[in-house]
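Undergrad: To be precise about what I am sending: the file is called final-v7.cif and holds mmCIF, C-alpha atoms.
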data_target
loop_
_atom_site.group_PDB
_atom_site.id
_atom_site.type_symbol
_atom_site.label_atom_id
_atom_site.label_comp_id
_atom_site.auth_asym_id
_atom_site.auth_seq_id
_atom_site.Cartn_x
_atom_site.Cartn_y
_atom_site.Cartn_z
ATOM 1 C CA MET R 297 0.000 0.000 0.000
ATOM 2 C CA LEU R 298 2.673 2.468 0.955
ATOM 3 C CA LEU R 299 5.849 3.544 -0.773
ATOM 4 C CA ILE R 300 8.036 0.801 0.705
ATOM 5 C CA ARG R 301 11.467 0.016 -0.711
ATOM 6 C CA TYR R 302 11.779 -3.610 0.479
ATOM 7 C CA THR R 303 13.604 -6.044 -1.792
ATOM 8 C CA GLY R 304 11.267 -8.729 -3.087
ATOM 9 C CA LEU R 305 8.047 -6.827 -2.430
ATOM 10 C CA THR R 306 7.299 -6.327 -6.108
ATOM 11 C CA SER R 307 3.775 -6.668 -7.419
ATOM 12 C CA GLY R 308 2.877 -9.690 -9.485
ATOM 13 C CA SER R 309 1.886 -9.150 -13.111
ATOM 14 C CA GLY R 310 -0.709 -11.903 -13.486
ATOM 15 C CA ILE R 311 -4.110 -11.492 -15.141
ATOM 16 C CA LEU R 312 -6.356 -9.410 -12.926
ATOM 17 C CA GLY R 313 -9.568 -10.911 -11.645
ATOM 18 C CA GLY R 314 -12.790 -9.191 -10.711
ATOM 19 C CA TYR R 315 -13.006 -6.899 -13.735
ATOM 20 C CA MET R 316 -16.441 -5.561 -12.837
ATOM 21 C CA LYS R 317 -15.462 -4.494 -9.327
ATOM 22 C CA MET R 318 -12.227 -2.981 -10.614
ATOM 23 C CA ASN R 319 -14.210 -0.982 -13.171
ATOM 24 C CA ILE R 320 -16.570 0.256 -10.458
ATOM 25 C CA LEU R 321 -13.665 1.305 -8.239
ATOM 26 C CA THR R 322 -11.971 3.055 -11.161
ATOM 27 C CA ALA R 323 -15.212 4.887 -11.945
ATOM 28 C CA LEU R 324 -15.549 6.015 -8.343
ATOM 29 C CA VAL R 325 -12.005 7.376 -8.317
ATOM 30 C CA ALA R 326 -12.629 9.137 -11.616
ATOM 31 C CA GLY R 327 -15.909 10.450 -10.227
ATOM 32 C CA SER R 328 -14.175 12.027 -7.256
ATOM 33 C CA LEU R 329 -11.821 13.811 -9.645
ATOM 34 C CA SER R 330 -14.774 14.954 -11.767
ATOM 35 C CA LEU R 331 -16.471 16.309 -8.654
ATOM 36 C CA SER R 332 -13.389 18.372 -7.854
ATOM 37 C CA ALA R 333 -13.392 19.780 -11.376
ATOM 38 C CA ALA R 334 -17.107 20.559 -11.189
ATOM 39 C CA ILE R 335 -16.659 22.372 -7.895
ATOM 40 C CA ALA R 336 -13.855 24.449 -9.355
ATOM 41 C CA ALA R 337 -15.970 25.317 -12.390
ATOM 42 C CA ASP R 338 -18.993 26.182 -10.264
ATOM 43 C CA THR R 339 -16.972 28.516 -8.091
ATOM 44 C CA SER R 340 -15.314 30.230 -11.033
ATOM 45 C CA THR R 341 -18.696 30.937 -12.657
ATOM 46 C CA GLY R 342 -20.269 32.438 -9.564
ATOM 47 C CA GLY R 343 -21.892 29.306 -8.159
ATOM 48 C CA SER R 344 -22.303 28.400 -4.507
ATOM 49 C CA ALA R 345 -19.876 30.120 -2.182
ATOM 50 C CA ASP R 346 -19.405 26.780 -0.420
ATOM 51 C CA PRO R 347 -20.147 23.999 -2.941
ATOM 52 C CA LEU R 348 -18.481 21.381 -0.707
ATOM 53 C CA ALA R 349 -21.138 21.997 1.938
ATOM 54 C CA ASP R 350 -23.846 21.414 -0.691
ATOM 55 C CA VAL R 351 -22.742 17.793 -1.119
ATOM 56 C CA GLY R 352 -21.881 17.111 2.516
ATOM 57 C CA MET R 353 -18.131 17.291 1.985
ATOM 58 C CA ASP R 354 -17.683 19.452 5.063
ATOM 59 C CA LYS R 355 -19.293 16.930 7.445
ATOM 60 C CA SER R 356 -17.855 13.836 9.135
ATOM 61 C CA GLU R 357 -20.738 12.543 11.296
ATOM 62 C CA GLY R 358 -21.668 9.929 8.694
ATOM 63 C CA CYS R 359 -18.187 8.419 8.901
ATOM 64 C CA MET R 360 -18.386 8.058 12.685
ATOM 65 C CA THR R 361 -21.481 5.851 12.989
ATOM 66 C CA GLY R 362 -22.144 2.185 12.191
ATOM 67 C CA PRO R 363 -19.602 0.235 10.115
ATOM 68 C CA MET R 364 -18.200 3.451 8.612
ATOM 69 C CA ALA R 365 -16.660 4.153 12.021
ATOM 70 C CA GLN R 366 -14.262 1.233 11.505
ATOM 71 C CA PHE R 367 -12.077 3.544 9.406
ATOM 72 C CA GLY R 368 -13.825 6.717 10.544
ATOM 73 C CA ARG R 369 -12.063 6.485 13.898
ATOM 74 C CA TYR R 370 -8.814 7.282 12.066
ATOM 75 C CA LEU R 371 -10.125 10.600 10.728
ATOM 76 C CA GLY R 372 -7.699 13.421 11.305
ATOM 77 C CA ASP R 373 -4.194 14.584 10.546
ATOM 78 C CA TRP R 374 -1.348 12.358 11.776
ATOM 79 C CA ASP R 375 2.430 12.451 12.051
ATOM 80 C CA ILE R 376 3.964 9.096 11.150
ATOM 81 C CA ALA R 377 7.079 7.522 12.650
ATOM 82 C CA ASP R 378 8.085 4.431 10.673
ATOM 83 C CA GLU R 379 10.689 1.674 10.798
ATOM 84 C CA GLN R 380 11.673 -1.169 8.514
ATOM 85 C CA LEU R 381 13.188 -4.606 9.118
ATOM 86 C CA SER R 382 16.561 -5.385 7.554
ATOM 87 C CA GLN R 383 16.842 -8.093 4.905
ATOM 88 C CA ASP R 384 18.479 -10.495 7.357
ATOM 89 C CA GLY R 385 15.631 -9.970 9.827
ATOM 90 C CA THR R 386 17.841 -8.775 12.680
ATOM 91 C CA THR R 387 17.625 -4.975 12.746
ATOM 92 C CA TRP R 388 14.902 -2.342 12.693
ATOM 93 C CA THR R 389 15.842 0.982 11.046
ATOM 94 C CA ALA R 390 13.884 4.217 11.435
ATOM 95 C CA GLY R 391 12.502 5.737 8.252
ATOM 96 C CA ALA R 392 12.018 9.360 7.225
ATOM 97 C CA GLY R 393 8.454 9.483 8.537
ATOM 98 C CA ALA R 394 5.378 10.884 6.871
ATOM 99 C CA ARG R 395 2.139 12.776 7.266
ATOM 100 C CA TRP R 396 -1.150 10.875 6.847
ATOM 101 C CA ASN R 397 -4.483 12.666 6.620
ATOM 102 C CA PHE R 398 -7.871 10.882 6.722
ATOM 103 C CA THR R 399 -11.025 12.713 5.658
ATOM 104 C CA CYS R 400 -14.732 11.875 5.326
ATOM 105 C CA LEU R 401 -16.294 12.179 1.866
ATOM 106 C CA GLY R 402 -19.962 12.970 1.336
ATOM 107 C CA ASN R 403 -20.764 12.673 5.061
ATOM 108 C CA GLY R 404 -20.349 8.902 5.028
ATOM 109 C CA THR R 405 -20.081 7.966 1.350
ATOM 110 C CA ALA R 406 -16.409 6.997 1.632
ATOM 111 C CA ILE R 407 -13.203 7.756 3.494
ATOM 112 C CA GLN R 408 -10.185 9.081 1.643
ATOM 113 C CA ASP R 409 -6.687 9.358 3.023
ATOM 114 C CA PHE R 410 -3.605 11.140 1.753
ATOM 115 C CA TRP R 411 -0.158 9.645 2.402
ATOM 116 C CA MET R 412 2.681 12.215 2.244
ATOM 117 C CA PRO R 413 6.194 10.866 2.973
ATOM 118 C CA ASN R 414 8.656 13.361 4.408
ATOM 119 C CA GLY R 415 11.147 12.465 1.684
ATOM 120 C CA GLY R 416 8.710 13.352 -1.089
ATOM 121 C CA GLY R 417 6.007 11.507 -2.999
ATOM 122 C CA PHE R 418 2.260 11.095 -2.569
ATOM 123 C CA GLY R 419 -0.340 8.356 -2.309
ATOM 124 C CA THR R 420 -4.090 8.161 -1.729
ATOM 125 C CA ASN R 421 -6.651 5.519 -0.728
ATOM 126 C CA LEU R 422 -10.395 5.656 -1.373
ATOM 127 C CA ARG R 423 -12.094 3.397 1.200
ATOM 128 C CA MET R 424 -15.694 2.237 0.591
ATOM 129 C CA TYR R 425 -17.755 -0.021 2.865
ATOM 130 C CA ASP R 426 -19.708 -2.885 1.218
ATOM 131 C CA LYS R 427 -22.785 -3.818 3.278
ATOM 132 C CA ALA R 428 -23.299 -7.063 1.346
ATOM 133 C CA THR R 429 -19.938 -8.493 2.389
ATOM 134 C CA ASP R 430 -19.377 -6.532 5.625
ATOM 135 C CA SER R 431 -15.974 -5.558 4.274
ATOM 136 C CA TRP R 432 -14.170 -2.665 2.611
ATOM 137 C CA ASP R 433 -13.125 -2.118 -0.984
ATOM 138 C CA ILE R 434 -10.093 0.128 -1.202
ATOM 139 C CA ALA R 435 -8.577 1.767 -4.274
ATOM 140 C CA TRP R 436 -4.925 2.758 -3.777
ATOM 141 C CA SER R 437 -2.747 4.819 -6.097
ATOM 142 C CA ASN R 438 0.501 6.740 -5.749
ATOM 143 C CA ASN R 439 2.659 8.993 -7.849
ATOM 144 C CA SER R 440 5.420 6.417 -8.423
ATOM 145 C CA THR R 441 3.021 3.831 -9.915
ATOM 146 C CA PRO R 442 0.135 5.819 -11.429
ATOM 147 C CA ALA R 443 -2.429 3.024 -11.542
ATOM 148 C CA MET R 444 -4.867 1.453 -9.118
ATOM 149 C CA ALA R 445 -4.416 -1.408 -6.675
ATOM 150 C CA HIS R 446 -7.578 -3.059 -5.332
ATOM 151 C CA ILE R 447 -7.386 -3.980 -1.635
ATOM 152 C CA SER R 448 -9.979 -5.667 0.581
ATOM 153 C CA ALA R 449 -10.283 -5.059 4.332
ATOM 154 C CA LYS R 450 -12.344 -6.492 7.168
ATOM 155 C CA GLU R 451 -12.476 -5.803 10.897
ATOM 156 C CA ASN R 452 -11.796 -8.885 13.044
ATOM 157 C CA GLU R 453 -13.052 -9.813 16.515
ATOM 158 C CA SER R 454 -10.169 -7.949 18.159
ATOM 159 C CA GLY R 455 -11.125 -4.705 16.451
ATOM 160 C CA ASN R 456 -8.114 -4.817 14.121
ATOM 161 C CA ILE R 457 -8.700 -4.017 10.461
ATOM 162 C CA VAL R 458 -6.856 -6.561 8.300
ATOM 163 C CA MET R 459 -6.192 -5.763 4.647
ATOM 164 C CA HIS R 460 -5.250 -8.057 1.745
ATOM 165 C CA TYR R 461 -4.391 -7.183 -1.851
ATOM 166 C CA VAL R 462 -6.993 -8.355 -4.374
ATOM 167 C CA ALA R 463 -5.359 -7.169 -7.608
ATOM 168 C CA PRO R 464 -2.659 -7.045 -8.634
ATOM 169 C CA LYS R 465 -1.453 -9.772 -6.298
ATOM 170 C CA PRO R 466 1.974 -8.894 -4.824
ATOM 171 C CA THR R 467 4.835 -11.374 -4.512
ATOM 172 C CA PRO R 468 5.480 -12.264 -1.744
ATOM 173 C CA ALA R 469 1.979 -12.028 -0.295
ATOM 174 C CA ARG R 470 1.296 -8.999 1.920
ATOM 175 C CA ARG R 471 -1.215 -8.147 4.585
ATOM 176 C CA ILE R 472 -1.674 -4.877 6.438
ATOM 177 C CA THR R 473 -3.192 -4.377 9.881
ATOM 178 C CA PHE R 474 -4.614 -1.222 11.440
ATOM 179 C CA PHE R 475 -4.742 -1.535 15.223
ATOM 180 C CA PRO R 476 -7.489 0.224 17.239
ATOM 181 C CA PRO R 477 -6.610 3.867 17.916
ATOM 182 C CA THR R 478 -6.546 5.812 21.129
ATOM 183 C CA GLU R 479 -7.565 9.467 21.069
ATOM 184 C CA ASN R 480 -4.153 10.626 19.909
ATOM 185 C CA SER R 481 -2.265 7.657 18.424
ATOM 186 C CA TRP R 482 -2.475 4.288 16.702
ATOM 187 C CA ASN R 483 -0.246 1.577 15.213
ATOM 188 C CA TRP R 484 -0.071 -0.146 11.832
ATOM 189 C CA GLN R 485 2.023 -2.988 10.395
ATOM 190 C CA LEU R 486 2.859 -4.626 7.088
ATOM 191 C CA GLU R 487 3.582 -8.358 7.016
ATOM 192 C CA ILE R 488 4.791 -10.676 4.243
ATOM 193 C CA SER R 489 4.384 -14.420 3.726
ATOM 194 C CA THR R 490 6.651 -16.650 1.667
ATOM 195 C CA ASP R 491 4.940 -19.962 2.481
ATOM 196 C CA GLY R 492 1.491 -19.569 0.963
ATOM 197 C CA GLU R 493 0.172 -17.383 3.821
ATOM 198 C CA LYS R 494 0.732 -20.053 6.460
ATOM 199 C CA SER R 495 2.976 -17.753 8.469
ATOM 200 C CA TRP R 496 3.638 -14.013 8.423
ATOM 201 C CA ARG R 497 6.597 -11.790 9.272
ATOM 202 C CA THR R 498 6.316 -8.075 10.091
ATOM 203 C CA VAL R 499 8.707 -6.073 7.880
ATOM 204 C CA TYR R 500 7.414 -2.512 8.191
ATOM 205 C CA ARG R 501 5.525 -0.733 10.974
ATOM 206 C CA ILE R 502 4.376 2.734 11.885
ATOM 207 C CA LYS R 503 3.133 4.717 14.827
ATOM 208 C CA ALA R 504 0.724 7.590 14.149
ATOM 209 C CA THR R 505 0.499 10.583 16.498
ATOM 210 C CA ARG R 506 -2.169 13.257 16.105
ATOM 211 C CA ARG R 507 -0.821 16.544 14.778
#
For the file at hand, write its structure as structure tokens.

TA:
Amino acid sequence: MLLIRYTGLTSGSGILGGYMKMNILTALVAGSLSLSAAIAADTSTGGSADPLADVGMDKSEGCMTGPMAQFGRYLGDWDIADEQLSQDGTTWTAGAGARWNFTCLGNGTAIQDFWMPNGGGFGTNLRMYDKATDSWDIAWSNNSTPAMAHISAKENESGNIVMHYVAPKPTPARRITFFPPTENSWNWQLEISTDGEKSWRTVYRIKATRR
């Protein structure tokens, strides 16, 4: 998901499955960009003084109730301290850190976050809850690989949100876990598996602190 330079964590290039869902996710991402353009055009032609308010883009209550609160509880602006495991698995090294901002779209339509590494670069996730499967569909893109990755997420009994790549499938396999937040901090980890997802090893982890 993030801009991680870890040898061997390259994405697979197999045929993508789930074309319909991928097309829907792509359309939603494109739609959010179209909305931004429409807002800009409306403002420039003397439209609403606050067009974001007209579509509930200035509200977050809808992201803090029901299943939306699973990711809604991470809303806010966060400073990120990160560290990465060495290739031989013996040493953790601090990274450059980042800023990570989570915002509510359409008062509960989706949650979008913006990943901004201190060393430069940019990434964004669009997170949408699917009532039929009680899980999340996530579209991830970043400036170094300008395309979309489809990720699925589900909250487990411990309150952790566990994420797996749907397409393209990375090699080795990856999973990401968001741990429940406190008021001012939370933790996150990336694990890899080289034995068919029988066992996992944490290779990258972060701690978020509210700005």

Undergrad: Find the residue from R:Asn452, R:Thr505, R:Ser489, R:Ser481 that sits nearest to Gln366 in chain R; use only C-alpha atoms when measuring.

TA: R:Asn452

Undergrad: Work out how far CA of Ser495 in chain R is from CA of Thr420 in chain R, in Å to one decimal.

TA: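 Between these atoms lies a distance of 28.7 Å.
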
Undergrad: Using the chain letters and numbers from the file, which residues does the PyMOL selection byres ((chain R and resi 458) around 12) grab, as an MDAnalysis selection string?

TA: chainID R and resid 366:367 431:432 447:457 459:461 470:476 484:487

Undergrad: Next, dump the selected residues to file, keeping only C-alpha atoms, as a PDB file, keeping the file's coordinate frame.

TA:
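Contents of out-v5.pdb, as written:
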ATOM      1  CA  GLN R 366     -14.262   1.233  11.505  1.00  0.00           C
ATOM      2  CA  PHE R 367     -12.077   3.544   9.406  1.00  0.00           C
ATOM      3  CA  SER R 431     -15.974  -5.558   4.274  1.00  0.00           C
ATOM      4  CA  TRP R 432     -14.170  -2.665   2.611  1.00  0.00           C
ATOM      5  CA  ILE R 447      -7.386  -3.980  -1.635  1.00  0.00           C
ATOM      6  CA  SER R 448      -9.979  -5.667   0.581  1.00  0.00           C
ATOM      7  CA  ALA R 449     -10.283  -5.059   4.332  1.00  0.00           C
ATOM      8  CA  LYS R 450     -12.344  -6.492   7.168  1.00  0.00           C
ATOM      9  CA  GLU R 451     -12.476  -5.803  10.897  1.00  0.00           C
ATOM     10  CA  ASN R 452     -11.796  -8.885  13.044  1.00  0.00           C
ATOM     11  CA  GLU R 453     -13.052  -9.813  16.515  1.00  0.00           C
ATOM     12  CA  SER R 454     -10.169  -7.949  18.159  1.00  0.00           C
ATOM     13  CA  GLY R 455     -11.125  -4.705  16.451  1.00  0.00           C
ATOM     14  CA  ASN R 456      -8.114  -4.817  14.121  1.00  0.00           C
ATOM     15  CA  ILE R 457      -8.700  -4.017  10.461  1.00  0.00           C
ATOM     16  CA  MET R 459      -6.192  -5.763   4.647  1.00  0.00           C
ATOM     17  CA  HIS R 460      -5.250  -8.057   1.745  1.00  0.00           C
ATOM     18  CA  TYR R 461      -4.391  -7.183  -1.851  1.00  0.00           C
ATOM     19  CA  ARG R 470       1.296  -8.999   1.920  1.00  0.00           C
ATOM     20  CA  ARG R 471      -1.215  -8.147   4.585  1.00  0.00           C
ATOM     21  CA  ILE R 472      -1.674  -4.877   6.438  1.00  0.00           C
ATOM     22  CA  THR R 473      -3.192  -4.377   9.881  1.00  0.00           C
ATOM     23  CA  PHE R 474      -4.614  -1.222  11.440  1.00  0.00           C
ATOM     24  CA  PHE R 475      -4.742  -1.535  15.223  1.00  0.00           C
ATOM     25  CA  PRO R 476      -7.489   0.224  17.239  1.00  0.00           C
ATOM     26  CA  TRP R 484      -0.071  -0.146  11.832  1.00  0.00           C
ATOM     27  CA  GLN R 485       2.023  -2.988  10.395  1.00  0.00           C
ATOM     28  CA  LEU R 486       2.859  -4.626   7.088  1.00  0.00           C
ATOM     29  CA  GLU R 487       3.582  -8.358   7.016  1.00  0.00           C
TER      30      GLU R 487
END

Undergrad: Starting from the shown file, work through the PyMOL selection byres ((chain R and resi 479) around 12) and note down what comes out as a PyMOL selection string.

TA: chain R and resi 369-372+374+476-478+480-482+504-507

Undergrad: Could you work out how far CA of Asp346 in chain R lies from CA of Ser437 in chain R, giving the answer in Å with one decimal?

TA: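 About the pair CA of Ser437 in chain R and CA of Asp346 in chain R: they are 28.1 Å apart.
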
Undergrad: Here's the selection I'm unsure about, the PyMOL selection byres ((chain R and resi 376-384) around 6); applied to the file above, which residues does it give, as a list in words?

TA: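 Listing what the PyMOL selection byres ((chain R and resi 376-384) around 6) selects in the shown file: Asp375, Gly385, Thr386, Thr387, Trp388, Thr389, Ala390, Gly391, Gly393, Ala394, Arg395, Val499, Tyr500, Arg501, Ile502, Lys503 and Ala504 of chain R.
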
Undergrad: Pick from R:Pro442, R:Gly368, R:Pro413, R:Gly404: nearest to Met353 in chain R, with only C-alpha atoms counted?

TA: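 Closest to Met353 in chain R of all the choices is R:Gly404.
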
Undergrad: Just checking: using only C-alpha atoms, which residue out of R:Asn403, R:Asn483, R:Ala469, R:Ala445 ends up closest to Trp496 in chain R?

TA: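 Of R:Asn403, R:Asn483, R:Ala469, R:Ala445, the one nearest Trp496 in chain R, counting only C-alpha atoms, is R:Ala469.
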
Undergrad: Extending 8 Å beyond the listed atoms of range 499-503 of chain R on each side, what axis-aligned box results? I want centre and edge lengths in Å to one decimal, as lines of an AutoDock Vina configuration file.

TA:
center_x = 5.9
center_y = -0.7
center_z = 11.4
size_x = 21.6
size_y = 26.8
size_z = 22.9

Undergrad: Which is closer to His446 in chain R than all the others in R:Ala428, R:Asn421, R:Gly492, R:Pro468, using all atoms listed in the file?

TA: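 Selected residue with least distance to His446 in chain R: R:Asn421.
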
Undergrad: Rounded to one decimal in Å, what is the spacing between CA of Thr429 in chain R and CA of Pro363 in chain R?

TA: 11.7 Å

Undergrad: How about completing range 460-472 of chain R with N, CA, C and O atoms and giving it to me as a compact mmCIF listing (two decimals), in the frame of the given file?

TA:
# COMPACT_ATOMS: atom_id res chain seq x y z
N HIS R 460 -5.94 -7.18 2.69
CA HIS R 460 -5.25 -8.06 1.74
C HIS R 460 -5.38 -7.49 0.34
O HIS R 460 -6.44 -6.95 -0.02
N TYR R 461 -4.33 -7.61 -0.46
CA TYR R 461 -4.39 -7.18 -1.85
C TYR R 461 -5.26 -8.14 -2.66
O TYR R 461 -5.13 -9.36 -2.55
N VAL R 462 -6.15 -7.56 -3.48
CA VAL R 462 -6.99 -8.36 -4.37
C VAL R 462 -6.37 -8.40 -5.76
O VAL R 462 -6.24 -9.46 -6.37
N ALA R 463 -5.98 -7.24 -6.29
CA ALA R 463 -5.36 -7.17 -7.61
C ALA R 463 -4.63 -5.83 -7.76
O ALA R 463 -5.15 -4.80 -7.34
N PRO R 464 -3.44 -5.85 -8.32
CA PRO R 464 -2.66 -7.04 -8.63
C PRO R 464 -2.13 -7.71 -7.37
O PRO R 464 -1.89 -7.05 -6.37
N LYS R 465 -1.95 -9.01 -7.44
CA LYS R 465 -1.45 -9.77 -6.30
C LYS R 465 0.05 -9.56 -6.16
O LYS R 465 0.81 -9.80 -7.11
N PRO R 466 0.53 -9.09 -4.99
CA PRO R 466 1.97 -8.89 -4.82
C PRO R 466 2.69 -10.20 -4.52
O PRO R 466 2.09 -11.16 -4.04
N THR R 467 3.98 -10.24 -4.84
CA THR R 467 4.84 -11.37 -4.51
C THR R 467 6.05 -10.86 -3.76
O THR R 467 6.77 -10.02 -4.26
N PRO R 468 6.29 -11.31 -2.51
CA PRO R 468 5.48 -12.26 -1.74
C PRO R 468 4.16 -11.65 -1.29
O PRO R 468 3.97 -10.44 -1.40
N ALA R 469 3.28 -12.49 -0.77
CA ALA R 469 1.98 -12.03 -0.30
C ALA R 469 2.16 -11.01 0.83
O ALA R 469 3.08 -11.11 1.63
N ARG R 470 1.26 -10.02 0.88
CA ARG R 470 1.30 -9.00 1.92
C ARG R 470 -0.05 -8.92 2.64
O ARG R 470 -1.09 -9.16 2.04
N ARG R 471 0.00 -8.56 3.89
CA ARG R 471 -1.22 -8.15 4.58
C ARG R 471 -0.86 -6.96 5.49
O ARG R 471 0.26 -6.85 5.97
N ILE R 472 -1.85 -6.11 5.68
CA ILE R 472 -1.67 -4.88 6.44
C ILE R 472 -2.69 -4.87 7.56
O ILE R 472 -3.85 -5.27 7.36
